[in-house]
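J.: Attaching a single structure in structure tokens format; questions to follow.
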Amino acid sequence: MKSIDLITFGESMALFTSARTLPLEYENQYFRQMAGAESNVAIGMSRLGHSVGWFSKLGQDPFGEFIYKSMKGEGVDVSRCSFTEEAPTGLFFKEKRNSGDVRIYYYRRNSAASLMRPEDLDEDYLKSAKYLHITGITPALSKSCREMVFAAIEIASAHGVKVVFDPNLRLKLWNGEEARQVLTDLADKCDVILPGMDEGEFLTGEHTCEAIAAKLAQRDKTVIVKLGKSGAFYLNMNESGIVPAFPVKEVVDPVGAGDGFSAGVISGLLRNEPLSMVVRRANAIGAMVVGVHGDSEGLPKNEEVERYMDSSQSERDVIR
């Protein structure tokens with residue numbers, strides 16, 4: 001089987017974004033889009049020029065067809081996706097109160113994706129990947145989804161596939177103690193861990209990026225802690241440091257920035273870039289994503305990222 005740069009899997013949903021800056025109870029106009037942490041990463045990687053596979057279980061309904069065709073249209077391999085009539089495709093709504101107040105309402109309980117199970121995994125397909133990307137959302141969907149995530153990691157590890165883990169903490173999906181135990185177990189089995197500060201504090205009980213990374217970076221792991229406006233802190237066995245964030249003039253929509261960051265990290269690792277450059281690329285993509293409405297719409301192509309980083313460097317040089 002042909003080698004593929006990245007494989008990821010998880011739930012994607014139909015997203016309805018309010019057309020105006022109004023509380024949802026007063027809104028009657030929406031833009032239909034698609035969103036999901038793993039599919040966002042898959043789209044981001046494809047636009048950056050990488051070969052990518054994504055799969056899920058979708059409802060045999062118009063929204064499932066919409067997601068399937070959208071992912072395929074982005075150049076992502078969807079050959080391992082499946083459809084079911086047993087449950088619907090999940091939905092969620094995005095409410096814009098103002099530029100700094102975006103609220104999310106999910107309708108995903110007992111969705112089609114929650115029916116995913118270890119038997120849905122294709123070992124030959126997974127072992128063809130260079131990287132496997134997982135998040136903490138999928139194991140929160142159901143017991144069978146949780147078993148599937150651990151089974152996928154076991155397959156990847158057995159075949160030398162590096163595993164990237166974004167905790168993507170969603171406490172609305174499960175209780176705190178259960179989430180902490182499962183996410184900690186997942187982090188222990190992965191090669192690259194990408195927590196935000198709040199997620200790092202939740203998992204480790206530590207309150208600085210250095211202490212969080214040190215606690216998570218057991219054995220030969222790479223930990224990159226997202227610091228928002230302050231950039232990101234990275235740590236592995238050989239080096240550590242902070243890479244400043246790119247200035248953002250206006251945050252239009254913050255949702256999806258972390259997924260863009262993940263795509264930037266994996267892309268940089270595949271390019272064998274120095275870790276500081278990997279993080280700089282990820283910071284740039286995160287900054288670009290927040291300037292556009294939608295979860296995946298702002299994910300850039302590689303040439304756009306290069307221009308953005310070059311122009312930002314030129315601006316810094318002028319300031320100096």
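Labels for the structure tokens follow display order: chains A, B, ..., residues from 1 in each chain, ligands from 1.
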Set the distance at 9 Å and use only C-alpha atoms: which residues neighbour A:Tyr105 once local chain neighbours fewer than 6 positions away are removed? I'd like the list as a PyMOL selection string.

T.: chain A and resi 91-95

J.: Output all heavy atoms of each residue in that selection to a file, as a CSV table (one decimal), in the first residue's frame.

T.:
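Everything below was put into out-v8.csv:
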```csv
chain,number,residue,atom,x,y,z
A,91,LEU,N,-24.7,17.6,14.5
A,91,LEU,CA,-24.8,19.0,14.1
A,91,LEU,C,-24.3,19.9,15.2
A,91,LEU,O,-24.3,19.5,16.4
A,91,LEU,CB,-26.3,19.4,13.9
A,91,LEU,CG,-27.1,18.5,12.9
A,91,LEU,CD1,-28.6,19.0,12.9
A,91,LEU,CD2,-26.6,18.6,11.5
A,92,PHE,N,-23.9,21.1,14.9
A,92,PHE,CA,-23.7,22.1,15.9
A,92,PHE,C,-23.9,23.5,15.4
A,92,PHE,O,-23.8,23.8,14.2
A,92,PHE,CB,-22.4,22.0,16.7
A,92,PHE,CG,-21.1,22.4,16.0
A,92,PHE,CD1,-20.4,23.5,16.3
A,92,PHE,CD2,-20.6,21.6,15.0
A,92,PHE,CE1,-19.3,23.9,15.7
A,92,PHE,CE2,-19.4,21.9,14.4
A,92,PHE,CZ,-18.7,23.1,14.7
A,93,PHE,N,-24.1,24.5,16.3
A,93,PHE,CA,-24.4,25.8,15.9
A,93,PHE,C,-23.4,26.8,16.6
A,93,PHE,O,-23.0,26.5,17.7
A,93,PHE,CB,-25.8,26.2,16.4
A,93,PHE,CG,-26.9,25.5,15.6
A,93,PHE,CD1,-27.3,24.2,15.9
A,93,PHE,CD2,-27.6,26.2,14.7
A,93,PHE,CE1,-28.3,23.6,15.2
A,93,PHE,CE2,-28.7,25.5,14.0
A,93,PHE,CZ,-29.0,24.2,14.3
A,94,LYS,N,-23.0,27.8,15.8
A,94,LYS,CA,-22.1,28.8,16.3
A,94,LYS,C,-22.8,30.1,16.4
A,94,LYS,O,-23.3,30.6,15.4
A,94,LYS,CB,-20.9,28.9,15.4
A,94,LYS,CG,-19.7,29.8,15.8
A,94,LYS,CD,-18.6,29.8,14.8
A,94,LYS,CE,-17.9,28.5,14.7
A,94,LYS,NZ,-16.7,28.7,13.8
A,95,GLU,N,-22.7,30.6,17.6
A,95,GLU,CA,-23.4,31.9,17.9
A,95,GLU,C,-22.3,33.0,18.1
A,95,GLU,O,-21.4,32.8,18.8
A,95,GLU,CB,-24.2,31.8,19.2
A,95,GLU,CG,-24.8,33.1,19.7
A,95,GLU,CD,-25.5,32.9,21.1
A,95,GLU,OE1,-24.8,32.6,22.0
A,95,GLU,OE2,-26.7,33.0,21.1
```

J.: Near A:Lys226, counting only C-alpha atoms, which residues have an atom at most 8 Å away, once you skip same-chain residues fewer than 3 positions from it, shown as an mmCIF file with all heavy atoms, in the first residue's frame?

T.:
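Output file result.cif is given in full below:
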```cif
data_model
loop_
_atom_site.group_PDB
_atom_site.id
_atom_site.type_symbol
_atom_site.label_atom_id
_atom_site.label_comp_id
_atom_site.auth_asym_id
_atom_site.auth_seq_id
_atom_site.Cartn_x
_atom_site.Cartn_y
_atom_site.Cartn_z
ATOM 1 N N LEU A 194 0.276 18.031 22.116
ATOM 2 C CA LEU A 194 0.035 19.439 21.802
ATOM 3 C C LEU A 194 -1.053 20.047 22.699
ATOM 4 O O LEU A 194 -2.136 20.413 22.216
ATOM 5 C CB LEU A 194 -0.374 19.577 20.329
ATOM 6 C CG LEU A 194 0.538 18.939 19.283
ATOM 7 C CD1 LEU A 194 -0.085 19.050 17.892
ATOM 8 C CD2 LEU A 194 1.918 19.599 19.306
ATOM 9 N N PRO A 195 -0.795 20.212 23.981
ATOM 10 C CA PRO A 195 -1.825 20.778 24.851
ATOM 11 C C PRO A 195 -1.828 22.301 24.845
ATOM 12 O O PRO A 195 -0.808 22.942 24.581
ATOM 13 C CB PRO A 195 -1.408 20.263 26.227
ATOM 14 C CG PRO A 195 0.100 20.253 26.153
ATOM 15 C CD PRO A 195 0.410 19.830 24.726
ATOM 16 N N GLY A 196 -2.982 22.876 25.142
ATOM 17 C CA GLY A 196 -3.030 24.286 25.502
ATOM 18 C C GLY A 196 -2.680 24.397 26.976
ATOM 19 O O GLY A 196 -2.597 23.386 27.684
ATOM 20 N N MET A 197 -2.497 25.606 27.469
ATOM 21 C CA MET A 197 -2.145 25.778 28.880
ATOM 22 C C MET A 197 -3.213 25.207 29.797
ATOM 23 O O MET A 197 -2.902 24.520 30.788
ATOM 24 C CB MET A 197 -1.933 27.260 29.192
ATOM 25 C CG MET A 197 -0.509 27.747 29.010
ATOM 26 S SD MET A 197 0.721 26.910 30.085
ATOM 27 C CE MET A 197 0.173 27.432 31.719
ATOM 28 N N GLY A 231 2.518 32.809 22.120
ATOM 29 C CA GLY A 231 3.226 31.885 21.239
ATOM 30 C C GLY A 231 3.104 30.451 21.690
ATOM 31 O O GLY A 231 2.007 29.979 22.006
ATOM 32 N N ALA A 232 4.220 29.731 21.756
ATOM 33 C CA ALA A 232 4.204 28.326 22.148
ATOM 34 C C ALA A 232 5.558 27.939 22.723
ATOM 35 O O ALA A 232 6.605 28.447 22.302
ATOM 36 C CB ALA A 232 3.860 27.435 20.957
ATOM 37 N N PHE A 233 5.526 27.037 23.690
ATOM 38 C CA PHE A 233 6.740 26.510 24.321
ATOM 39 C C PHE A 233 6.949 25.076 23.863
ATOM 40 O O PHE A 233 6.019 24.277 23.874
ATOM 41 C CB PHE A 233 6.608 26.546 25.845
ATOM 42 C CG PHE A 233 7.763 25.903 26.579
ATOM 43 C CD1 PHE A 233 8.956 26.592 26.755
ATOM 44 C CD2 PHE A 233 7.659 24.603 27.077
ATOM 45 C CE1 PHE A 233 10.029 26.003 27.423
ATOM 46 C CE2 PHE A 233 8.724 24.008 27.741
ATOM 47 C CZ PHE A 233 9.908 24.716 27.914
#
```

J.: Quick one: contact table of stretch 41-150 of chain A to stretch 180-192 of chain A, 10 Å max, nearest atom pair and distance in Å to one decimal per residue, counting only C-alpha atoms, chain and number order, as a Markdown table?

T.:
```
| residue | atom | partner | partner_atom | distance |
| --- | --- | --- | --- | --- |
| A:Tyr131 | CA | A:Asp191 | CA | 9.8 |
| A:Leu132 | CA | A:Cys190 | CA | 9.5 |
| A:His133 | CA | A:Val192 | CA | 9.4 |
| A:Ile134 | CA | A:Cys190 | CA | 9.3 |
| A:Thr135 | CA | A:Leu183 | CA | 9.1 |
| A:Gly136 | CA | A:Leu183 | CA | 6.4 |
| A:Ile137 | CA | A:Leu183 | CA | 9.7 |
| A:Pro139 | CA | A:Val182 | CA | 8.0 |
| A:Ala140 | CA | A:Val182 | CA | 9.0 |
| A:Arg146 | CA | A:Val182 | CA | 8.6 |
| A:Val149 | CA | A:Leu186 | CA | 8.7 |
| A:Phe150 | CA | A:Leu186 | CA | 7.5 |
```

J.: Skip A:Lys249 itself and residues of its chain fewer than 2 positions away, then list as a list in words all residues within 9 Å of it, counting only C-alpha atoms.

T.: Pro247, Val251 and Gly291 of chain A

J.: Measuring between only C-alpha atoms, which one of A:Pro23, A:Gly53, A:Gly64, A:Gly36 shows the shortest distance to A:Ile7?

T.: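 Answer, going by the shortest atom-to-atom distance: A:Gly53.
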
J.: Quick one: pick out all helix (DSSP H, G or I) residues within stretch 171-206 of chain A from a backbone DSSP run and write them as a PyMOL selection string.

T.: chain A and resi 176-189+197-204

J.: For A:His293, work out the shell of residues within 10 Å, counting only C-alpha atoms and skipping chain neighbours fewer than 2 positions away, then give it as JSON, numbers by chain.

T.: {"A": [17, 251, 252, 253, 254, 255, 256, 289, 290, 291, 295, 296, 297, 298]}

J.: Any idea what's packed within 9 Å of stretch 259-273 of chain A, counting only C-alpha atoms, ignoring anything in its chain fewer than 3 positions away? Could you give it as JSON, numbers by chain?

T.: {"A": [5, 6, 37, 38, 39, 40, 41, 42, 43, 44, 45, 48, 49, 50, 130, 131, 133, 164, 166, 194, 226, 255, 256, 276, 277, 278, 279, 280, 281, 282, 283, 284, 285, 286, 287, 288, 289, 295, 296, 298, 299, 300]}

J.: Which residues come within 7 Å of A:Ile4, counting only C-alpha atoms, excluding same-chain residues fewer than 5 positions away, as a list in words?

T.: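 Once the nearby chain positions are removed, what remains is Ser51, Val52, Ser128, Ala129 and Lys130 of chain A.
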
J.: Sorted by chain and rising residue number, list the residues of stretch 24-123 of chain A at most 9 Å from stretch 152-155 of chain A (counting only C-alpha atoms), each with its closest atom pair and distance in Å to one decimal, as a Markdown table.

T.:
```
| residue | atom | partner | partner_atom | distance |
| --- | --- | --- | --- | --- |
| A:Pro118 | CA | A:Ala152 | CA | 7.7 |
| A:Leu121 | CA | A:Ala152 | CA | 7.1 |
| A:Glu123 | CA | A:Ile155 | CA | 6.6 |
```

J.: Keeping N, CA, C and O atoms for every residue in the selection just given, could you write it to a file as a PDB file, in the first residue's frame?

T.:
```pdb
ATOM      1  N   PRO A 118     -13.483  -0.513  17.313  1.00  0.00           N
ATOM      2  CA  PRO A 118     -12.182  -1.004  16.842  1.00  0.00           C
ATOM      3  C   PRO A 118     -12.261  -1.801  15.545  1.00  0.00           C
ATOM      4  O   PRO A 118     -11.328  -1.766  14.737  1.00  0.00           O
ATOM      5  N   LEU A 121     -11.338  -0.276  12.106  1.00  0.00           N
ATOM      6  CA  LEU A 121      -9.965   0.062  11.747  1.00  0.00           C
ATOM      7  C   LEU A 121      -9.419  -0.899  10.696  1.00  0.00           C
ATOM      8  O   LEU A 121      -9.637  -2.109  10.769  1.00  0.00           O
ATOM      9  N   GLU A 123      -5.953  -2.150   9.561  1.00  0.00           N
ATOM     10  CA  GLU A 123      -4.557  -2.145  10.004  1.00  0.00           C
ATOM     11  C   GLU A 123      -3.599  -1.835   8.864  1.00  0.00           C
ATOM     12  O   GLU A 123      -2.642  -1.073   9.032  1.00  0.00           O
TER      13      GLU A 123
END
```

J.: Restricting the calculation to only C-alpha atoms: of A:Pro244, A:Ser82, A:Lys96, A:Met71, which residue gets closest to A:Ala19?

T.: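 Closest candidate: A:Lys96.
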
J.: What is the distance between atom CA of A:Phe31 and atom CA of A:Phe83, in Å to one decimal?

T.: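 Between these atoms lies a distance of 24.4 Å.
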
J.: Would you please work out which residue, of A:Ala158, A:Glu86, A:Val243, A:Glu25, is nearest to A:Lys127 when using only C-alpha atoms?

T.: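 Smallest distance to A:Lys127 is found for A:Ala158.
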
J.: Compile the contact shell of A:Asp120 as a count of residues only: residues with an atom at most 9 Å away, counting only C-alpha atoms, same-chain residues fewer than 4 positions apart removed.

T.: 5

J.: Provide the atom CA of A:Leu235 to atom CA of A:Thr208 distance in Å, to one decimal place.

T.: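 We find that atom CA of A:Leu235 and atom CA of A:Thr208 lie 13.0 Å from each other.
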
J.: Record the distance separating atom CA of A:Asn302 and atom CA of A:Val78, expressed in Å with one decimal.

T.: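 Those two atoms sit 22.0 Å apart.
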
J.: Among stretch 46-181 of chain A, which ones does DSSP place in strand (DSSP E), written as an mmCIF file with N, CA, C and O atoms, in the first residue's frame?

T.:
```
data_model
loop_
_atom_site.group_PDB
_atom_site.id
_atom_site.type_symbol
_atom_site.label_atom_id
_atom_site.label_comp_id
_atom_site.auth_asym_id
_atom_site.auth_seq_id
_atom_site.Cartn_x
_atom_site.Cartn_y
_atom_site.Cartn_z
ATOM 1 N N VAL A 52 -3.114 12.852 2.692
ATOM 2 C CA VAL A 52 -3.852 12.738 3.952
ATOM 3 C C VAL A 52 -5.037 11.793 3.800
ATOM 4 O O VAL A 52 -5.729 11.797 2.768
ATOM 5 N N GLY A 53 -5.280 11.004 4.844
ATOM 6 C CA GLY A 53 -6.471 10.180 4.909
ATOM 7 C C GLY A 53 -7.266 10.527 6.151
ATOM 8 O O GLY A 53 -6.687 10.773 7.216
ATOM 9 N N TRP A 54 -8.572 10.594 6.017
ATOM 10 C CA TRP A 54 -9.467 10.845 7.156
ATOM 11 C C TRP A 54 -10.662 9.909 7.042
ATOM 12 O O TRP A 54 -11.158 9.661 5.938
ATOM 13 N N PHE A 55 -11.099 9.374 8.178
ATOM 14 C CA PHE A 55 -12.301 8.543 8.122
ATOM 15 C C PHE A 55 -13.153 8.749 9.364
ATOM 16 O O PHE A 55 -12.704 9.215 10.411
ATOM 17 N N LYS A 57 -17.556 7.589 10.800
ATOM 18 C CA LYS A 57 -18.836 6.960 10.485
ATOM 19 C C LYS A 57 -19.848 8.089 10.381
ATOM 20 O O LYS A 57 -20.045 8.863 11.326
ATOM 21 N N LEU A 58 -20.486 8.195 9.218
ATOM 22 C CA LEU A 58 -21.410 9.281 8.937
ATOM 23 C C LEU A 58 -22.830 8.749 8.838
ATOM 24 O O LEU A 58 -23.054 7.589 8.472
ATOM 25 N N GLY A 59 -23.791 9.621 9.134
ATOM 26 C CA GLY A 59 -25.179 9.232 8.972
ATOM 27 C C GLY A 59 -25.525 9.117 7.496
ATOM 28 O O GLY A 59 -24.992 9.864 6.672
ATOM 29 N N SER A 82 -17.418 5.270 6.417
ATOM 30 C CA SER A 82 -18.585 4.405 6.287
ATOM 31 C C SER A 82 -19.839 5.190 6.648
ATOM 32 O O SER A 82 -19.771 6.243 7.295
ATOM 33 N N PHE A 83 -20.984 4.683 6.215
ATOM 34 C CA PHE A 83 -22.269 5.317 6.473
ATOM 35 C C PHE A 83 -23.169 4.356 7.248
ATOM 36 O O PHE A 83 -23.054 3.136 7.106
ATOM 37 N N THR A 84 -24.054 4.917 8.056
ATOM 38 C CA THR A 84 -24.986 4.098 8.821
ATOM 39 C C THR A 84 -26.365 4.749 8.832
ATOM 40 O O THR A 84 -26.479 5.974 8.816
ATOM 41 N N LEU A 91 -24.696 17.635 14.492
ATOM 42 C CA LEU A 91 -24.835 19.035 14.109
ATOM 43 C C LEU A 91 -24.324 19.921 15.229
ATOM 44 O O LEU A 91 -24.308 19.522 16.396
ATOM 45 N N PHE A 92 -23.897 21.134 14.895
ATOM 46 C CA PHE A 92 -23.705 22.142 15.931
ATOM 47 C C PHE A 92 -23.878 23.532 15.365
ATOM 48 O O PHE A 92 -23.833 23.751 14.162
ATOM 49 N N PHE A 93 -24.137 24.458 16.277
ATOM 50 C CA PHE A 93 -24.431 25.837 15.916
ATOM 51 C C PHE A 93 -23.402 26.759 16.555
ATOM 52 O O PHE A 93 -22.981 26.543 17.694
ATOM 53 N N LYS A 94 -23.016 27.777 15.807
ATOM 54 C CA LYS A 94 -22.053 28.757 16.299
ATOM 55 C C LYS A 94 -22.764 30.113 16.423
ATOM 56 O O LYS A 94 -23.298 30.635 15.449
ATOM 57 N N GLU A 95 -22.742 30.647 17.622
ATOM 58 C CA GLU A 95 -23.390 31.920 17.913
ATOM 59 C C GLU A 95 -22.333 33.012 18.089
ATOM 60 O O GLU A 95 -21.387 32.843 18.849
ATOM 61 N N LYS A 96 -22.504 34.121 17.369
ATOM 62 C CA LYS A 96 -21.564 35.241 17.459
ATOM 63 C C LYS A 96 -22.218 36.381 18.233
ATOM 64 O O LYS A 96 -23.058 37.101 17.708
ATOM 65 N N ARG A 97 -21.846 36.532 19.482
ATOM 66 C CA ARG A 97 -22.356 37.655 20.287
ATOM 67 C C ARG A 97 -21.574 38.928 19.970
ATOM 68 O O ARG A 97 -22.115 40.002 19.881
ATOM 69 N N ASN A 98 -20.259 38.758 19.842
ATOM 70 C CA ASN A 98 -19.364 39.820 19.375
ATOM 71 C C ASN A 98 -18.061 39.144 18.982
ATOM 72 O O ASN A 98 -17.934 37.921 19.097
ATOM 73 N N ASP A 101 -16.711 36.965 21.682
ATOM 74 C CA ASP A 101 -17.642 36.069 22.362
ATOM 75 C C ASP A 101 -18.341 35.195 21.329
ATOM 76 O O ASP A 101 -19.380 35.557 20.771
ATOM 77 N N VAL A 102 -17.750 34.033 21.049
ATOM 78 C CA VAL A 102 -18.317 33.054 20.117
ATOM 79 C C VAL A 102 -18.706 31.825 20.926
ATOM 80 O O VAL A 102 -17.883 31.225 21.611
ATOM 81 N N ARG A 103 -19.976 31.446 20.851
ATOM 82 C CA ARG A 103 -20.479 30.334 21.651
ATOM 83 C C ARG A 103 -20.898 29.178 20.743
ATOM 84 O O ARG A 103 -21.414 29.383 19.660
ATOM 85 N N ILE A 104 -20.678 27.953 21.258
ATOM 86 C CA ILE A 104 -20.928 26.751 20.473
ATOM 87 C C ILE A 104 -21.996 25.905 21.158
ATOM 88 O O ILE A 104 -21.963 25.699 22.371
ATOM 89 N N TYR A 105 -22.933 25.382 20.364
ATOM 90 C CA TYR A 105 -23.995 24.515 20.873
ATOM 91 C C TYR A 105 -24.006 23.229 20.048
ATOM 92 O O TYR A 105 -24.266 23.254 18.846
ATOM 93 N N TYR A 106 -23.697 22.108 20.715
ATOM 94 C CA TYR A 106 -23.574 20.827 20.019
ATOM 95 C C TYR A 106 -24.851 19.996 20.111
ATOM 96 O O TYR A 106 -25.525 19.973 21.142
ATOM 97 N N TYR A 107 -25.141 19.271 19.029
ATOM 98 C CA TYR A 107 -26.217 18.292 18.986
ATOM 99 C C TYR A 107 -25.615 17.025 18.383
ATOM 100 O O TYR A 107 -25.816 16.703 17.216
ATOM 101 N N ALA A 129 0.774 4.952 7.119
ATOM 102 C CA ALA A 129 0.954 6.365 7.449
ATOM 103 C C ALA A 129 2.321 6.638 8.068
ATOM 104 O O ALA A 129 2.918 5.781 8.717
ATOM 105 N N LYS A 130 2.791 7.857 7.873
ATOM 106 C CA LYS A 130 3.986 8.317 8.584
ATOM 107 C C LYS A 130 3.605 8.863 9.958
ATOM 108 O O LYS A 130 4.343 8.719 10.923
ATOM 109 N N TYR A 131 2.435 9.510 10.025
ATOM 110 C CA TYR A 131 1.925 10.043 11.285
ATOM 111 C C TYR A 131 0.449 9.682 11.423
ATOM 112 O O TYR A 131 -0.301 9.679 10.443
ATOM 113 N N LEU A 132 0.048 9.399 12.671
ATOM 114 C CA LEU A 132 -1.355 9.242 13.037
ATOM 115 C C LEU A 132 -1.711 10.387 13.975
ATOM 116 O O LEU A 132 -0.999 10.628 14.952
ATOM 117 N N HIS A 133 -2.786 11.101 13.674
ATOM 118 C CA HIS A 133 -3.230 12.206 14.517
ATOM 119 C C HIS A 133 -4.516 11.808 15.228
ATOM 120 O O HIS A 133 -5.462 11.329 14.594
ATOM 121 N N ILE A 134 -4.532 12.000 16.558
ATOM 122 C CA ILE A 134 -5.741 11.722 17.327
ATOM 123 C C ILE A 134 -6.027 12.905 18.252
ATOM 124 O O ILE A 134 -5.137 13.710 18.542
ATOM 125 N N THR A 135 -7.266 12.998 18.699
ATOM 126 C CA THR A 135 -7.626 14.034 19.667
ATOM 127 C C THR A 135 -8.339 13.399 20.851
ATOM 128 O O THR A 135 -8.754 12.233 20.802
ATOM 129 N N LYS A 162 4.446 7.368 13.937
ATOM 130 C CA LYS A 162 4.451 8.355 15.008
ATOM 131 C C LYS A 162 3.029 8.850 15.285
ATOM 132 O O LYS A 162 2.249 9.083 14.353
ATOM 133 N N VAL A 163 2.696 9.021 16.560
ATOM 134 C CA VAL A 163 1.348 9.427 16.947
ATOM 135 C C VAL A 163 1.373 10.827 17.547
ATOM 136 O O VAL A 163 2.125 11.100 18.489
ATOM 137 N N VAL A 164 0.562 11.711 16.986
ATOM 138 C CA VAL A 164 0.425 13.093 17.464
ATOM 139 C C VAL A 164 -0.904 13.207 18.205
ATOM 140 O O VAL A 164 -1.952 12.822 17.667
ATOM 141 N N PHE A 165 -0.861 13.756 19.401
ATOM 142 C CA PHE A 165 -2.048 13.824 20.258
ATOM 143 C C PHE A 165 -2.356 15.257 20.660
ATOM 144 O O PHE A 165 -1.540 15.937 21.269
ATOM 145 N N ASP A 166 -3.543 15.722 20.294
ATOM 146 C CA ASP A 166 -4.061 17.015 20.755
ATOM 147 C C ASP A 166 -5.156 16.712 21.759
ATOM 148 O O ASP A 166 -6.211 16.172 21.381
#
```

J.: Counting only C-alpha atoms, which of A:Ile242, A:Asn28, A:Leu22, A:Thr138 gets nearest to A:Leu169?

T.: A:Thr138
